[in-house]
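Have a look at the structure below, then the notes.
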Amino acid sequence: MGETGMLLSSGAIWKCGQCYSCRMRCPRDNSAGMGILALRERSVREGIAPGYILRIASIIKSNLYERGETFLPSMITDSLLAEFGPRTLMRCSGNRARRIRIGYHIGDARQEPIPGASMDEIRMIMRLTGYIPDGGDENSGK
Amino acid sequence: MKIPGNSATRAIPHDNLYLFKSCVTGSLYPGIEKSIRYVFDRIGVHYTDDPRHSSCTGFGYHAGVVPLRTNLALNARNFSLVSEHGNKNIVCTCPTSYGNLKECKELLSRDASLRNDTAGILKQVGRDYCDVPEISHASDIFLARLDDIRAKAVYSFSGIRAVTHHGCHYSKIFYKEVSSGNSERPTVLDDIARGLGCDIIDYEERSLCCGMGFHHTLTDREYPKAVLLRKFTSILENRPDLIITQCPGCTFNLDYYQECLSRQLGRIDIPVLYFSEMAALVLGADPYDIGIDMHATPVEPLLEKIGILGVSK
């Protein structure tokens, strides 16, 4: 159990790329990647995950609560594009406008966003599964 | 060593599908989603495009920040929506949705306590727990309907030398269910691309992950860069005209990182196309309608080379 505690607070569990080469190659059909997911979930739940993970956790929870999606176009920022290089920034910073040209929303992953009644069900499931506290919103669950 | 799964251990549905949209696809390359619809419409694949389903949550689940219990309940809700349409087969646009939905289906089928807990949660939102039939990836359907695509082709990738990169969450999680080839060497994209005219080139690192790693691409780009340096070093040994992909995250990594890797590898500039974008272009889709100019590495020179009109300005 002591070793589990060390793993939870170490950076090792966040290095896994979740590619599942372990799963397809294990002669006993085990999957180290799945075990790492269980440790990651506990580490986030107990608030001992690194700060950069807790920030991503908060963004993803907010995306799911607001839009029913984990990844949104807003996650590709100009500062991220600039890290790839000036040509990528110049070519792709206009992609938000191009989304409209091809019939998508700037701020939503979908051509047709998830309807309100469905969003109510999604938020209710987030509460019932303990992902956000009863009566709370995605912010109070951070 | 374990013998990898062989091809086609499951039936691939050809029609009557429920289109499961991906938040990563829709955010990074919405044109991929449009190209899948375009091809299905052109060759007469019938599908339901229901806006009510949620994200599969796979991006957050594999990052370790969405709990399993929430993942299972949201996808059980998604399965319940599918059953309203007469138990259609699910077709995913993203390999992570494919792997995650199959994982949820398997866990709920074999573990009574997880199933009972999930069914209880669904009951409280006014839904019943339902199983779903087959879960496939769009590339499975394209391969199964390749003759129909070829029959309506107006362009060809003939003479284009390409390499393929299959998604890890397609070939390595449910490794016995790869619809062509096997988990160590999936050939779904190779078969589709050859059918559209390409010459496929082998390379040593074809089964190496793209390094997306979920949170890594947003928080720690040294990991993707290290993996992609190895991948592109291998790809560049034969300098192909095109990289063909099966996953929106892999597409992003192989496309966007080319400029920063050029510091170590010299100018790369190999266009990256999703299999569905290729098929839509072959069928005559307007390149700008499927967002071809949203790729970081320009695709336009390749399209000029194969004679697709309207892209040379």
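Residues in the structure tokens are named by chain (A, B, ... in the order shown) and by number from 1 within that chain; ligands are numbered from 1 in the order shown.
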Would you tabulate, counting only C-alpha atoms, all residues of chain B that have an atom at most 7 Å from an atom of chain A, showing the closest pair of atoms and their distance in Å to one decimal, sorted by chain then ascending number, as a tab-separated table?
```
residue	atom	partner	partner_atom	distance
B:Met1	CA	A:Pro27	CA	6.4
B:Lys2	CA	A:Pro27	CA	5.3
B:Cys23	CA	A:Ala109	CA	5.3
B:Val24	CA	A:Phe71	CA	5.7
B:Gly26	CA	A:Ala109	CA	4.4
B:Ser27	CA	A:Pro73	CA	4.4
B:Leu28	CA	A:Pro73	CA	6.6
B:Pro51	CA	A:Ile114	CA	5.3
B:Arg52	CA	A:Ile114	CA	5.2
B:Ser54	CA	A:Gly68	CA	5.2
B:Ser55	CA	A:Glu69	CA	4.8
B:Thr57	CA	A:Thr70	CA	5.8
B:Phe59	CA	A:Thr70	CA	6.5
B:Gly60	CA	A:Thr70	CA	6.2
B:His62	CA	A:Gln18	CA	6.6
B:Gly64	CA	A:Arg40	CA	4.9
B:Val65	CA	A:Ala57	CA	5.2
B:Pro67	CA	A:Glu41	CA	6.0
B:Arg69	CA	A:Thr129	CA	6.1
B:Thr70	CA	A:Thr129	CA	5.5
B:Ala73	CA	A:Ile125	CA	6.8
B:Leu74	CA	A:Ile125	CA	6.8
B:Ile121	CA	A:Leu128	CA	6.5
B:Val125	CA	A:Glu121	CA	6.1
B:Cys168	CA	A:Cys19	CA	5.5
B:His169	CA	A:Cys19	CA	6.8
B:Lys172	CA	A:Met24	CA	5.3
B:Ile173	CA	A:Tyr20	CA	6.0
B:Tyr175	CA	A:Met24	CA	5.9
B:Cys209	CA	A:Cys19	CA	6.3
B:Gly211	CA	A:Gly17	CA	6.6
B:Gly213	CA	A:Gly17	CA	4.0
B:Thr219	CA	A:Tyr52	CA	6.9
B:Tyr256	CA	A:Phe84	CA	6.7
B:Tyr257	CA	A:Phe84	CA	6.0
B:Glu259	CA	A:Gly85	CA	6.0
B:Cys260	CA	A:Phe84	CA	5.1
B:Asp289	CA	A:Ile102	CA	5.6
B:Ile290	CA	A:Ile102	CA	6.9
B:Gly291	CA	A:Ile102	CA	6.8
B:Met294	CA	A:Asn95	CA	5.8
B:Ala296	CA	A:Thr88	CA	5.5
```
Report the residues of segment 1-75 of chain A whose backbone DSSP state falls under helix (DSSP H, G or I), written as a compact mmCIF listing (two decimals) with N, CA, C and O atoms, in the first residue's frame.
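Dumped everything to part.txt:
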```txt
# COMPACT_ATOMS: atom_id res chain seq x y z
N GLY A 2 2.00 1.16 0.73
CA GLY A 2 2.94 2.29 0.74
C GLY A 2 3.45 2.58 -0.65
O GLY A 2 3.57 3.73 -1.04
N GLU A 3 3.71 1.49 -1.40
CA GLU A 3 4.21 1.68 -2.77
C GLU A 3 3.13 2.31 -3.66
O GLU A 3 3.43 3.09 -4.55
N THR A 4 1.86 1.96 -3.42
CA THR A 4 0.79 2.57 -4.19
C THR A 4 0.76 4.08 -3.93
O THR A 4 0.63 4.88 -4.84
N GLY A 5 0.93 4.45 -2.66
CA GLY A 5 0.94 5.87 -2.30
C GLY A 5 2.06 6.62 -3.00
O GLY A 5 1.87 7.73 -3.50
N MET A 6 3.22 5.95 -3.08
CA MET A 6 4.35 6.58 -3.78
C MET A 6 4.04 6.78 -5.26
O MET A 6 4.34 7.81 -5.84
N LEU A 7 3.43 5.74 -5.85
CA LEU A 7 3.08 5.84 -7.28
C LEU A 7 2.10 6.97 -7.53
O LEU A 7 2.22 7.72 -8.49
N LEU A 8 1.10 7.08 -6.62
CA LEU A 8 0.07 8.11 -6.81
C LEU A 8 0.65 9.52 -6.80
O LEU A 8 0.17 10.39 -7.51
N SER A 9 1.66 9.72 -5.99
CA SER A 9 2.19 11.08 -5.89
C SER A 9 3.41 11.30 -6.79
O SER A 9 3.92 12.41 -6.88
N ALA A 12 5.46 9.25 -12.38
CA ALA A 12 5.58 8.10 -13.29
C ALA A 12 4.27 7.76 -13.99
O ALA A 12 4.26 7.46 -15.19
N ILE A 13 3.16 7.82 -13.25
CA ILE A 13 1.89 7.38 -13.86
C ILE A 13 1.42 8.34 -14.95
O ILE A 13 0.58 7.99 -15.76
N TRP A 14 1.98 9.55 -14.99
CA TRP A 14 1.56 10.52 -16.00
C TRP A 14 2.42 10.45 -17.25
O TRP A 14 2.17 11.16 -18.22
N SER A 21 0.34 -0.69 -26.42
CA SER A 21 1.27 -1.70 -26.94
C SER A 21 1.45 -2.79 -25.88
O SER A 21 1.66 -3.96 -26.20
N CYS A 22 1.32 -2.39 -24.59
CA CYS A 22 1.43 -3.37 -23.50
C CYS A 22 0.32 -4.41 -23.59
O CYS A 22 0.54 -5.60 -23.40
N ARG A 23 -0.87 -3.95 -23.93
CA ARG A 23 -2.03 -4.85 -23.94
C ARG A 23 -1.91 -5.87 -25.05
O ARG A 23 -2.16 -7.06 -24.85
N MET A 24 -1.53 -5.43 -26.25
CA MET A 24 -1.52 -6.38 -27.37
C MET A 24 -0.34 -7.34 -27.28
O MET A 24 -0.36 -8.40 -27.86
N ARG A 25 0.70 -6.96 -26.51
CA ARG A 25 1.89 -7.81 -26.47
C ARG A 25 1.98 -8.68 -25.23
O ARG A 25 2.80 -9.59 -25.18
N ALA A 32 -0.99 -2.96 -18.60
CA ALA A 32 -0.43 -1.98 -17.66
C ALA A 32 -1.13 -0.63 -17.82
O ALA A 32 -1.38 0.08 -16.85
N GLY A 33 -1.49 -0.31 -19.07
CA GLY A 33 -2.15 0.98 -19.35
C GLY A 33 -3.46 1.14 -18.60
O GLY A 33 -3.78 2.23 -18.11
N MET A 34 -4.23 0.05 -18.48
CA MET A 34 -5.49 0.12 -17.73
C MET A 34 -5.23 0.31 -16.24
O MET A 34 -5.96 1.03 -15.56
N GLY A 35 -4.20 -0.38 -15.73
CA GLY A 35 -3.84 -0.21 -14.31
C GLY A 35 -3.45 1.23 -14.02
O GLY A 35 -3.83 1.80 -12.98
N ILE A 36 -2.70 1.81 -14.95
CA ILE A 36 -2.27 3.21 -14.78
C ILE A 36 -3.49 4.14 -14.74
O ILE A 36 -3.54 5.10 -13.97
N LEU A 37 -4.50 3.83 -15.54
CA LEU A 37 -5.72 4.67 -15.53
C LEU A 37 -6.37 4.67 -14.16
O LEU A 37 -6.84 5.71 -13.69
N ALA A 38 -6.40 3.48 -13.50
CA ALA A 38 -7.01 3.39 -12.17
C ALA A 38 -6.23 4.26 -11.18
O ALA A 38 -6.81 4.96 -10.34
N LEU A 39 -4.89 4.22 -11.29
CA LEU A 39 -4.06 5.04 -10.40
C LEU A 39 -4.25 6.53 -10.69
O LEU A 39 -4.32 7.36 -9.78
N ARG A 40 -4.34 6.89 -11.97
CA ARG A 40 -4.55 8.30 -12.35
C ARG A 40 -5.87 8.82 -11.78
O ARG A 40 -5.95 9.92 -11.25
N GLU A 41 -6.91 7.98 -11.92
CA GLU A 41 -8.24 8.41 -11.45
C GLU A 41 -8.20 8.71 -9.95
O GLU A 41 -8.71 9.74 -9.50
N ARG A 42 -7.53 7.81 -9.20
CA ARG A 42 -7.45 8.02 -7.75
C ARG A 42 -6.60 9.24 -7.41
O ARG A 42 -6.96 10.02 -6.51
N SER A 43 -5.53 9.42 -8.16
CA SER A 43 -4.64 10.55 -7.90
C SER A 43 -5.36 11.89 -8.11
O SER A 43 -5.19 12.83 -7.34
N VAL A 44 -6.19 11.95 -9.15
CA VAL A 44 -6.98 13.17 -9.41
C VAL A 44 -8.05 13.34 -8.33
O VAL A 44 -8.24 14.44 -7.79
N ARG A 45 -8.72 12.24 -8.00
CA ARG A 45 -9.81 12.31 -7.01
C ARG A 45 -9.28 12.79 -5.66
O ARG A 45 -9.92 13.57 -4.96
N GLY A 51 -0.06 19.75 -10.63
CA GLY A 51 -0.91 20.91 -10.92
C GLY A 51 -1.35 20.98 -12.37
O GLY A 51 -2.50 21.31 -12.67
N TYR A 52 -0.44 20.65 -13.33
CA TYR A 52 -0.82 20.77 -14.74
C TYR A 52 -1.90 19.75 -15.10
O TYR A 52 -2.73 20.00 -15.97
N ILE A 53 -1.92 18.60 -14.41
CA ILE A 53 -2.97 17.61 -14.65
C ILE A 53 -4.29 18.11 -14.06
O ILE A 53 -5.35 17.99 -14.69
N LEU A 54 -4.23 18.68 -12.86
CA LEU A 54 -5.47 19.17 -12.24
C LEU A 54 -6.08 20.30 -13.07
O LEU A 54 -7.30 20.43 -13.15
N ARG A 55 -5.22 21.10 -13.72
CA ARG A 55 -5.76 22.16 -14.59
C ARG A 55 -6.46 21.56 -15.81
O ARG A 55 -7.54 21.98 -16.19
N ILE A 56 -5.83 20.54 -16.42
CA ILE A 56 -6.47 19.87 -17.57
C ILE A 56 -7.77 19.20 -17.12
O ILE A 56 -8.79 19.25 -17.81
N ALA A 57 -7.73 18.59 -15.93
CA ALA A 57 -8.93 17.92 -15.40
C ALA A 57 -10.07 18.91 -15.28
O ALA A 57 -11.23 18.61 -15.62
N SER A 58 -9.75 20.11 -14.82
CA SER A 58 -10.77 21.14 -14.63
C SER A 58 -11.35 21.60 -15.98
O SER A 58 -12.58 21.77 -16.13
N ILE A 59 -10.48 21.77 -16.98
CA ILE A 59 -10.95 22.20 -18.32
C ILE A 59 -11.85 21.13 -18.93
O ILE A 59 -12.93 21.43 -19.47
N ILE A 60 -11.43 19.87 -18.84
CA ILE A 60 -12.21 18.79 -19.46
C ILE A 60 -13.57 18.63 -18.77
O ILE A 60 -14.60 18.45 -19.42
N LYS A 61 -13.57 18.74 -17.45
CA LYS A 61 -14.85 18.64 -16.71
C LYS A 61 -15.78 19.78 -17.12
O LYS A 61 -16.98 19.58 -17.36
N SER A 62 -15.22 20.97 -17.25
CA SER A 62 -16.02 22.13 -17.65
C SER A 62 -16.56 21.95 -19.07
O SER A 62 -17.73 22.24 -19.35
N ASN A 63 -15.72 21.44 -19.98
CA ASN A 63 -16.17 21.20 -21.36
C ASN A 63 -17.34 20.22 -21.39
O ASN A 63 -18.32 20.40 -22.12
N LEU A 64 -17.21 19.15 -20.60
CA LEU A 64 -18.25 18.12 -20.58
C LEU A 64 -19.55 18.67 -20.00
O LEU A 64 -20.64 18.39 -20.50
N TYR A 65 -19.41 19.48 -18.97
CA TYR A 65 -20.60 20.07 -18.32
C TYR A 65 -21.28 21.09 -19.23
O TYR A 65 -22.51 21.15 -19.33
N GLU A 66 -20.49 21.92 -19.90
CA GLU A 66 -21.06 23.00 -20.71
C GLU A 66 -21.56 22.53 -22.07
O GLU A 66 -22.57 23.01 -22.58
N ARG A 67 -20.83 21.59 -22.69
CA ARG A 67 -21.09 21.22 -24.09
C ARG A 67 -21.32 19.74 -24.33
O ARG A 67 -21.62 19.35 -25.46
N PRO A 73 -12.78 23.13 -29.68
CA PRO A 73 -11.87 23.89 -30.55
C PRO A 73 -11.04 24.93 -29.79
O PRO A 73 -9.91 25.23 -30.18
N SER A 74 -11.58 25.46 -28.69
CA SER A 74 -10.88 26.51 -27.94
C SER A 74 -9.58 26.00 -27.32
O SER A 74 -8.74 26.80 -26.88
N MET A 75 -9.39 24.67 -27.26
CA MET A 75 -8.16 24.12 -26.65
C MET A 75 -6.95 24.31 -27.57
O MET A 75 -5.81 24.17 -27.14
```
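Residue nearest Asp293 of chain B, chosen from A:Thr77, A:Ala97, A:Gly47, A:Pro133 and counting only C-alpha atoms: A:Ala97.
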